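Structure file final-v9.cif (mmCIF, C-alpha atoms) is printed below.
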```cif
data_upload
#
loop_
_atom_site.label_atom_id
_atom_site.label_comp_id
_atom_site.auth_asym_id
_atom_site.auth_seq_id
_atom_site.Cartn_x
_atom_site.Cartn_y
_atom_site.Cartn_z
CA MET A 1 35.60 -50.65 63.97
CA LYS A 2 35.35 -48.19 66.86
CA CYS A 3 31.77 -49.27 67.47
CA ALA A 4 32.83 -52.93 67.58
CA LYS A 5 35.55 -52.10 70.11
CA VAL A 6 33.10 -50.22 72.33
CA LEU A 7 30.62 -53.10 72.23
CA LEU A 8 33.26 -55.76 72.89
CA ASP A 9 34.79 -53.72 75.71
CA ALA A 10 31.30 -53.48 77.23
CA GLY A 11 30.98 -57.27 77.21
CA ALA A 12 29.41 -58.11 73.86
CA ASN A 13 29.87 -61.75 72.90
CA ALA A 14 32.59 -62.06 70.23
CA ASN A 15 31.12 -65.46 69.32
CA ALA A 16 27.47 -64.44 68.96
CA VAL A 17 25.77 -66.00 65.94
CA ASP A 18 23.09 -64.91 63.51
CA LYS A 19 20.33 -67.17 62.12
CA HIS A 20 22.89 -68.74 59.76
CA ASN A 21 25.38 -69.34 62.58
CA ASN A 22 27.74 -66.70 61.21
CA THR A 23 29.84 -64.99 63.88
CA PRO A 24 31.25 -61.48 63.77
CA LEU A 25 34.54 -63.13 62.77
CA HIS A 26 32.87 -64.74 59.74
CA PHE A 27 31.63 -61.32 58.61
CA ALA A 28 34.91 -59.49 59.25
CA ALA A 29 36.96 -62.21 57.54
CA TYR A 30 34.62 -62.33 54.53
CA ARG A 31 34.81 -58.56 54.11
CA GLY A 32 38.60 -58.45 54.55
CA ARG A 33 38.46 -56.23 57.65
CA LYS A 34 41.89 -57.04 59.07
CA ASN A 35 41.73 -54.62 62.00
CA CYS A 36 38.35 -55.93 63.03
CA VAL A 37 39.58 -59.54 62.70
CA ARG A 38 42.52 -58.70 64.98
CA LEU A 39 40.21 -57.08 67.52
CA LEU A 40 37.80 -60.01 67.52
CA LEU A 41 40.66 -62.48 67.98
CA GLU A 42 42.00 -60.41 70.89
CA LYS A 43 38.53 -60.53 72.45
CA GLY A 44 38.34 -64.32 72.20
CA ALA A 45 36.56 -64.93 68.92
CA ALA A 46 36.79 -68.61 67.98
CA VAL A 47 38.29 -69.44 64.59
CA THR A 48 36.79 -72.94 64.57
CA LEU A 49 33.07 -72.13 64.77
CA LYS A 50 31.16 -73.24 61.67
CA ASN A 51 28.15 -71.60 60.08
CA LEU A 52 25.20 -73.49 58.57
CA ASP A 53 27.22 -73.98 55.37
CA ASN A 54 29.80 -75.81 57.52
CA LYS A 55 32.34 -73.03 56.93
CA THR A 56 34.72 -71.51 59.47
CA PRO A 57 35.86 -67.88 59.26
CA ILE A 58 39.04 -68.98 57.47
CA ASP A 59 36.93 -70.73 54.82
CA VAL A 60 35.17 -67.47 53.92
CA ALA A 61 38.10 -65.10 54.50
CA LYS A 62 39.66 -62.78 51.96
CA LEU A 63 43.19 -63.93 51.13
CA ASP A 64 44.94 -61.16 53.09
CA VAL A 65 42.97 -62.11 56.22
CA VAL A 66 43.79 -65.83 56.06
CA LYS A 67 47.24 -65.23 57.58
CA LEU A 68 45.64 -63.71 60.68
CA LEU A 69 43.36 -66.68 61.16
CA ALA A 70 45.84 -69.48 60.49
#
```
What would the structure in this file look like if it were written as structure tokens?
Amino acid sequence: MKCAKVLLDAGANANAVDKHNNTPLHFAAYRGRKNCVRLLLEKGAAVTLKNLDNKTPIDVAKLDVVKLLA
């Protein structure tokens, strides 16, 4: 989490995508990393971006993270 904060504070793109169009928010939501989800949202991560499976971060989120994304 500290590494993510350092990178985002240095200007890393919170909406960068991998080859499957997953964003950091997709990964954090899927893994249930609430603090990281909060940080990404604070840094402008979009909750509506879809990956190649047509899923948004809320679609892949662990249940306890869904509240943060809704």
Given the PyMOL selection byres ((chain A and resi 8) around 12), the residues it picks as a ChimeraX atom specification: /A:1-7,9-16,24,36,39-45
Just want the 8 Å neighbourhood of A:Asn51, counted on only C-alpha atoms, with same-chain residues fewer than 6 positions away dropped. Output as a count of residues only. 4
Result set of the PyMOL selection byres ((chain A and resi 53) around 12) on the coordinates above, as JSON, numbers by chain: {"A": [19, 20, 21, 22, 26, 49, 50, 51, 52, 54, 55, 56, 57, 59, 60]}
Pairwise distance for atom CA of A:Ala61 and atom CA of A:Arg31, rounded to one decimal in Å: 7.3 Å
Calculate how many Å separate atom CA of A:Ala70 from atom CA of A:Val17, rounding to one decimal. 21.1 Å
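If you look at atom CA of A:Asp18 and atom CA of A:Val37, they are 17.4 Å away from each other.
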Can you list, as a PyMOL selection string, every protein, DNA or RNA residue that comes within 10 Å of A:Leu63 when you count only C-alpha atoms, leaving out same-chain residues fewer than 4 positions away? chain A and resi 29-30+32+58-59+67-68
Atoms to include: C-alpha atoms. Write the selected residues as a PDB file, keeping the file's coordinate frame.
```pdb
ATOM      1  CA  ALA A  29      36.960 -62.210  57.540  1.00  0.00           C
ATOM      2  CA  TYR A  30      34.620 -62.330  54.530  1.00  0.00           C
ATOM      3  CA  GLY A  32      38.600 -58.450  54.550  1.00  0.00           C
ATOM      4  CA  ILE A  58      39.040 -68.980  57.470  1.00  0.00           C
ATOM      5  CA  ASP A  59      36.930 -70.730  54.820  1.00  0.00           C
ATOM      6  CA  LYS A  67      47.240 -65.230  57.580  1.00  0.00           C
ATOM      7  CA  LEU A  68      45.640 -63.710  60.680  1.00  0.00           C
TER       8      LEU A  68
END
```
